[in-house]
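Contents: one structure, followed by commentary.
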Amino acid sequence: MRLDALAGIASPQPTGHHTATVVAVDRWGNVAALVHSSNTMIWGDSGMVVGGIPIPMAAGIYQQRLAAIVPGGRLPSDMAPLMLLRDGRPSVAIAGLGSSVVPESVRLMIGFSRGEAMTDWLAAPPLLLNFEQAGLPLAEQDELIPTGAYPEQVVTALRAMGFRFRTVDSQRAGALRGTVAAVRLGSKGVREAAEVPEVLAFAETE
């Protein structure tokens, strides 16, 4: 055993996560967009480990919704992996996570489907979850902007353009947001993969 390990100064092991996304394309053009989450309170509280696999009270936040499902009914899910088909073949695939996963996935799919630069759209500030107006269509909801995130002249220009938005506490951006991994397949076999680094997302093409 290494001396630094015995002394307790060894490099820490990577931490695990309860949610992850993967988008993959193989050499034949088969596409998969996957999202895995325990859908539970933070880290779960069951303490159960079966065969070395932790079971953190899976679907714990959906107990009321699960109880309301009729036999044979569809299971509820807030995950939003999306796949855009053109002429019956995959063109764009994204897998999103986070509490603003649906509006963020829709925003990115619009940009990717129009041929916009994937890295530019992923680098843009993510849409924040607008739970106060969740019952309205996405286009009718206010865009949320963290206080102090943009210079005042930008905010003033947005108001002059009639852009629908309102400012919210800057701490909200740290929790109520989402991100995706994405792959785009071009008509001539060209493939692009993009992701936000170190945010529990992975995109890959073979």
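In the structure tokens, chains take the letters A, B, ... in the order shown, each chain's residues start at 1, and ligands count up from 1 in the order shown.
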
Backbone DSSP call of strand (DSSP E or B) for region 13-191 of chain A, listed as an mmCIF file with C-alpha atoms, in the first residue's frame:
```cif
data_model
loop_
_atom_site.group_PDB
_atom_site.id
_atom_site.type_symbol
_atom_site.label_atom_id
_atom_site.label_comp_id
_atom_site.auth_asym_id
_atom_site.auth_seq_id
_atom_site.Cartn_x
_atom_site.Cartn_y
_atom_site.Cartn_z
ATOM 1 C CA THR A 19 -28.329 11.418 -12.720
ATOM 2 C CA ALA A 20 -26.443 11.055 -15.991
ATOM 3 C CA THR A 21 -27.099 11.321 -19.729
ATOM 4 C CA VAL A 22 -25.562 9.567 -22.720
ATOM 5 C CA VAL A 23 -26.035 10.089 -26.451
ATOM 6 C CA ALA A 24 -24.246 7.651 -28.757
ATOM 7 C CA VAL A 25 -24.102 6.843 -32.479
ATOM 8 C CA VAL A 31 -28.637 6.251 -32.268
ATOM 9 C CA ALA A 32 -29.356 6.043 -28.545
ATOM 10 C CA ALA A 33 -30.305 8.902 -26.222
ATOM 11 C CA LEU A 34 -30.429 7.784 -22.593
ATOM 12 C CA VAL A 35 -31.156 9.438 -19.253
ATOM 13 C CA HIS A 36 -30.663 7.706 -15.908
ATOM 14 C CA SER A 37 -31.858 9.115 -12.620
ATOM 15 C CA MET A 48 -30.444 -0.447 0.713
ATOM 16 C CA VAL A 49 -27.663 -2.097 -1.292
ATOM 17 C CA VAL A 50 -28.553 -5.177 -3.361
ATOM 18 C CA ILE A 53 -25.900 -1.758 -6.265
ATOM 19 C CA PRO A 54 -27.338 1.071 -4.128
ATOM 20 C CA ILE A 55 -31.132 1.474 -4.320
ATOM 21 C CA LEU A 82 -35.394 13.816 -27.884
ATOM 22 C CA MET A 83 -34.631 12.539 -31.373
ATOM 23 C CA LEU A 84 -35.278 14.494 -34.573
ATOM 24 C CA LEU A 85 -35.915 12.388 -37.684
ATOM 25 C CA ARG A 86 -35.547 13.554 -41.272
ATOM 26 C CA ARG A 89 -33.508 8.726 -40.276
ATOM 27 C CA PRO A 90 -32.053 10.263 -37.063
ATOM 28 C CA SER A 91 -30.753 13.789 -37.566
ATOM 29 C CA VAL A 92 -30.320 15.143 -34.027
ATOM 30 C CA ALA A 93 -30.383 13.327 -30.677
ATOM 31 C CA ILE A 94 -30.180 14.965 -27.266
ATOM 32 C CA ALA A 95 -30.490 13.691 -23.701
ATOM 33 C CA GLY A 96 -31.142 16.290 -21.021
ATOM 34 C CA LEU A 97 -31.075 16.449 -17.251
ATOM 35 C CA GLY A 98 -31.819 18.982 -14.588
ATOM 36 C CA GLU A 143 -37.596 33.996 -19.570
ATOM 37 C CA LEU A 144 -35.825 34.125 -16.193
ATOM 38 C CA ILE A 145 -32.603 36.103 -15.956
ATOM 39 C CA PRO A 146 -30.422 35.909 -12.817
ATOM 40 C CA PHE A 165 -38.359 38.137 -19.186
ATOM 41 C CA ARG A 166 -37.999 38.947 -15.522
ATOM 42 C CA THR A 167 -35.069 38.887 -13.159
ATOM 43 C CA VAL A 168 -34.746 36.352 -10.338
ATOM 44 C CA GLY A 178 -30.621 21.893 -17.069
ATOM 45 C CA THR A 179 -28.058 20.700 -19.589
ATOM 46 C CA VAL A 180 -27.751 18.111 -22.343
ATOM 47 C CA ALA A 181 -25.436 15.894 -24.333
ATOM 48 C CA ALA A 182 -26.122 16.061 -28.077
ATOM 49 C CA VAL A 183 -25.203 14.474 -31.398
ATOM 50 C CA ARG A 184 -26.026 15.742 -34.891
ATOM 51 C CA LEU A 185 -25.810 13.542 -37.999
ATOM 52 C CA ARG A 191 -21.289 13.665 -37.248
#
```

Item checked: Residue contacts of region 71-77 of chain A (12 Å, only C-alpha atoms) excluding same-chain residues fewer than 6 positions away, as a ChimeraX atom specification -> /A:35-39,59,61-65,97,99,101-102

Deliver the residues from the most recent selection as a file, using C-alpha atoms, as an mmCIF file, in the first residue's frame.
```
data_model
loop_
_atom_site.group_PDB
_atom_site.id
_atom_site.type_symbol
_atom_site.label_atom_id
_atom_site.label_comp_id
_atom_site.auth_asym_id
_atom_site.auth_seq_id
_atom_site.Cartn_x
_atom_site.Cartn_y
_atom_site.Cartn_z
ATOM 1 C CA VAL A 35 -31.156 9.438 -19.253
ATOM 2 C CA HIS A 36 -30.663 7.706 -15.908
ATOM 3 C CA SER A 37 -31.858 9.115 -12.620
ATOM 4 C CA SER A 38 -33.076 7.794 -9.304
ATOM 5 C CA ASN A 39 -35.796 10.490 -9.274
ATOM 6 C CA ALA A 59 -38.921 7.217 -7.929
ATOM 7 C CA ILE A 61 -40.558 11.917 -5.580
ATOM 8 C CA TYR A 62 -43.247 10.341 -7.760
ATOM 9 C CA GLN A 63 -45.121 8.243 -5.212
ATOM 10 C CA GLN A 64 -48.401 10.160 -5.550
ATOM 11 C CA ARG A 65 -48.224 10.091 -9.345
ATOM 12 C CA LEU A 97 -31.075 16.449 -17.251
ATOM 13 C CA SER A 99 -35.004 20.604 -13.386
ATOM 14 C CA VAL A 101 -34.802 19.808 -18.777
ATOM 15 C CA VAL A 102 -37.872 20.203 -21.017
#
```

Checklist line | Coordinates-based distance that separates CA of Glu104 (chain A) from CA of Pro137 (chain A) (Å, one decimal) | finding: 13.9 Å

Notebook entry, point to check: Which parts of region 39-203 of chain A does DSSP call helix (DSSP H, G or I) when run on the backbone here, written out as a ChimeraX atom specification?
Noted result: /A:60-67,101-113,118-123,131-133,138-140,152-160,170-174

Produce a file of the selected residues containing N, CA and C atoms, as a CSV table (one decimal), in the first residue's frame.
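So selection.csv came out as:
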```csv
chain,number,residue,atom,x,y,z
A,60,GLY,N,-38.8,8.0,-5.6
A,60,GLY,CA,-39.4,8.5,-4.4
A,60,GLY,C,-40.2,9.8,-4.5
A,61,ILE,N,-39.8,10.7,-5.5
A,61,ILE,CA,-40.6,11.9,-5.6
A,61,ILE,C,-41.8,11.8,-6.4
A,62,TYR,N,-42.1,10.5,-6.9
A,62,TYR,CA,-43.2,10.3,-7.8
A,62,TYR,C,-44.3,9.4,-7.1
A,63,GLN,N,-44.2,9.2,-5.8
A,63,GLN,CA,-45.1,8.2,-5.2
A,63,GLN,C,-46.6,8.6,-5.5
A,64,GLN,N,-47.0,9.8,-5.3
A,64,GLN,CA,-48.4,10.2,-5.6
A,64,GLN,C,-48.8,9.9,-7.0
A,65,ARG,N,-47.9,10.3,-7.9
A,65,ARG,CA,-48.2,10.1,-9.3
A,65,ARG,C,-48.3,8.6,-9.7
A,66,LEU,N,-47.4,7.8,-9.1
A,66,LEU,CA,-47.4,6.4,-9.4
A,66,LEU,C,-48.7,5.7,-8.9
A,67,ALA,N,-49.1,6.2,-7.7
A,67,ALA,CA,-50.3,5.6,-7.1
A,67,ALA,C,-51.6,5.9,-7.9
A,101,VAL,N,-35.2,20.7,-17.7
A,101,VAL,CA,-34.8,19.8,-18.8
A,101,VAL,C,-35.7,20.0,-20.0
A,102,VAL,N,-37.0,20.1,-19.8
A,102,VAL,CA,-37.9,20.2,-21.0
A,102,VAL,C,-37.7,21.5,-21.8
A,103,PRO,N,-37.8,22.7,-21.2
A,103,PRO,CA,-37.6,23.9,-22.0
A,103,PRO,C,-36.1,24.0,-22.5
A,104,GLU,N,-35.1,23.5,-21.8
A,104,GLU,CA,-33.8,23.6,-22.3
A,104,GLU,C,-33.6,22.7,-23.4
A,105,SER,N,-34.2,21.5,-23.4
A,105,SER,CA,-34.1,20.5,-24.5
A,105,SER,C,-34.8,21.1,-25.8
A,106,VAL,N,-35.9,21.7,-25.6
A,106,VAL,CA,-36.6,22.3,-26.7
A,106,VAL,C,-35.8,23.4,-27.3
A,107,ARG,N,-35.2,24.3,-26.5
A,107,ARG,CA,-34.4,25.4,-27.0
A,107,ARG,C,-33.2,24.9,-27.8
A,108,LEU,N,-32.5,23.9,-27.3
A,108,LEU,CA,-31.4,23.4,-28.0
A,108,LEU,C,-31.8,22.6,-29.3
A,109,MET,N,-32.9,21.9,-29.2
A,109,MET,CA,-33.3,21.1,-30.4
A,109,MET,C,-33.6,22.1,-31.6
A,110,ILE,N,-34.2,23.3,-31.2
A,110,ILE,CA,-34.5,24.3,-32.2
A,110,ILE,C,-33.2,24.7,-32.9
A,111,GLY,N,-32.2,25.1,-32.1
A,111,GLY,CA,-31.0,25.5,-32.7
A,111,GLY,C,-30.2,24.5,-33.5
A,112,PHE,N,-30.1,23.3,-32.9
A,112,PHE,CA,-29.4,22.2,-33.6
A,112,PHE,C,-30.1,21.8,-34.9
A,113,SER,N,-31.4,21.8,-34.9
A,113,SER,CA,-32.2,21.4,-36.1
A,113,SER,C,-32.0,22.4,-37.3
A,118,MET,N,-23.3,23.9,-32.5
A,118,MET,CA,-23.7,23.2,-31.3
A,118,MET,C,-23.0,23.8,-30.1
A,119,THR,N,-21.7,24.0,-30.2
A,119,THR,CA,-20.9,24.5,-29.1
A,119,THR,C,-21.4,25.9,-28.6
A,120,ASP,N,-21.9,26.8,-29.6
A,120,ASP,CA,-22.4,28.1,-29.3
A,120,ASP,C,-23.7,28.0,-28.5
A,121,TRP,N,-24.6,27.1,-28.9
A,121,TRP,CA,-25.9,27.0,-28.2
A,121,TRP,C,-25.7,26.3,-26.9
A,122,LEU,N,-24.7,25.4,-26.7
A,122,LEU,CA,-24.5,24.8,-25.4
A,122,LEU,C,-23.8,25.8,-24.5
A,123,ALA,N,-23.0,26.7,-25.0
A,123,ALA,CA,-22.3,27.7,-24.2
A,123,ALA,C,-23.2,28.8,-23.7
A,131,PHE,N,-41.2,27.6,-12.7
A,131,PHE,CA,-42.3,26.8,-12.1
A,131,PHE,C,-43.5,27.7,-11.8
A,132,GLU,N,-43.4,29.0,-11.7
A,132,GLU,CA,-44.6,29.8,-11.4
A,132,GLU,C,-45.5,29.9,-12.6
A,133,GLN,N,-45.0,29.7,-13.8
A,133,GLN,CA,-45.8,29.7,-15.0
A,133,GLN,C,-45.8,28.4,-15.8
A,138,LEU,N,-44.7,27.1,-23.5
A,138,LEU,CA,-43.4,27.6,-23.3
A,138,LEU,C,-43.2,29.0,-23.9
A,139,ALA,N,-43.8,29.2,-25.1
A,139,ALA,CA,-43.6,30.5,-25.7
A,139,ALA,C,-44.2,31.6,-25.0
A,140,GLU,N,-45.2,31.3,-24.1
A,140,GLU,CA,-45.9,32.4,-23.3
A,140,GLU,C,-45.3,32.6,-21.9
A,152,GLU,N,-26.3,46.1,-17.6
A,152,GLU,CA,-27.6,46.8,-17.6
A,152,GLU,C,-28.0,47.2,-19.0
A,153,GLN,N,-27.1,47.5,-19.9
A,153,GLN,CA,-27.4,47.9,-21.2
A,153,GLN,C,-28.0,46.8,-22.0
A,154,VAL,N,-27.6,45.5,-21.7
A,154,VAL,CA,-28.2,44.4,-22.4
A,154,VAL,C,-29.7,44.2,-21.9
A,155,VAL,N,-29.9,44.3,-20.6
A,155,VAL,CA,-31.2,44.2,-20.1
A,155,VAL,C,-32.1,45.3,-20.6
A,156,THR,N,-31.6,46.5,-20.7
A,156,THR,CA,-32.4,47.6,-21.3
A,156,THR,C,-32.8,47.4,-22.7
A,157,ALA,N,-31.8,46.8,-23.5
A,157,ALA,CA,-32.1,46.5,-24.9
A,157,ALA,C,-33.1,45.5,-25.1
A,158,LEU,N,-33.1,44.5,-24.2
A,158,LEU,CA,-34.1,43.4,-24.2
A,158,LEU,C,-35.5,44.0,-23.9
A,159,ARG,N,-35.6,44.9,-22.9
A,159,ARG,CA,-36.9,45.5,-22.6
A,159,ARG,C,-37.4,46.3,-23.9
A,160,ALA,N,-36.5,47.0,-24.5
A,160,ALA,CA,-36.9,47.8,-25.7
A,160,ALA,C,-37.4,46.9,-26.8
A,170,SER,N,-30.0,35.5,-8.1
A,170,SER,CA,-28.9,34.8,-8.8
A,170,SER,C,-28.6,33.4,-8.4
A,171,GLN,N,-29.0,33.1,-7.1
A,171,GLN,CA,-28.8,31.7,-6.6
A,171,GLN,C,-29.6,30.7,-7.3
A,172,ARG,N,-30.7,31.1,-7.9
A,172,ARG,CA,-31.6,30.2,-8.6
A,172,ARG,C,-30.9,29.6,-9.8
A,173,ALA,N,-30.0,30.3,-10.4
A,173,ALA,CA,-29.2,29.7,-11.5
A,173,ALA,C,-28.4,28.5,-11.1
A,174,GLY,N,-28.1,28.4,-9.9
A,174,GLY,CA,-27.2,27.3,-9.4
A,174,GLY,C,-28.0,26.0,-9.2
```

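One finds CA of Asn130 (chain A) at 18.2 Å from CA of Gly148 (chain A).
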
Check: How many Å separate CA of Gly135 (chain A) from CA of Asp78 (chain A)?
Finding: 14.6 Å
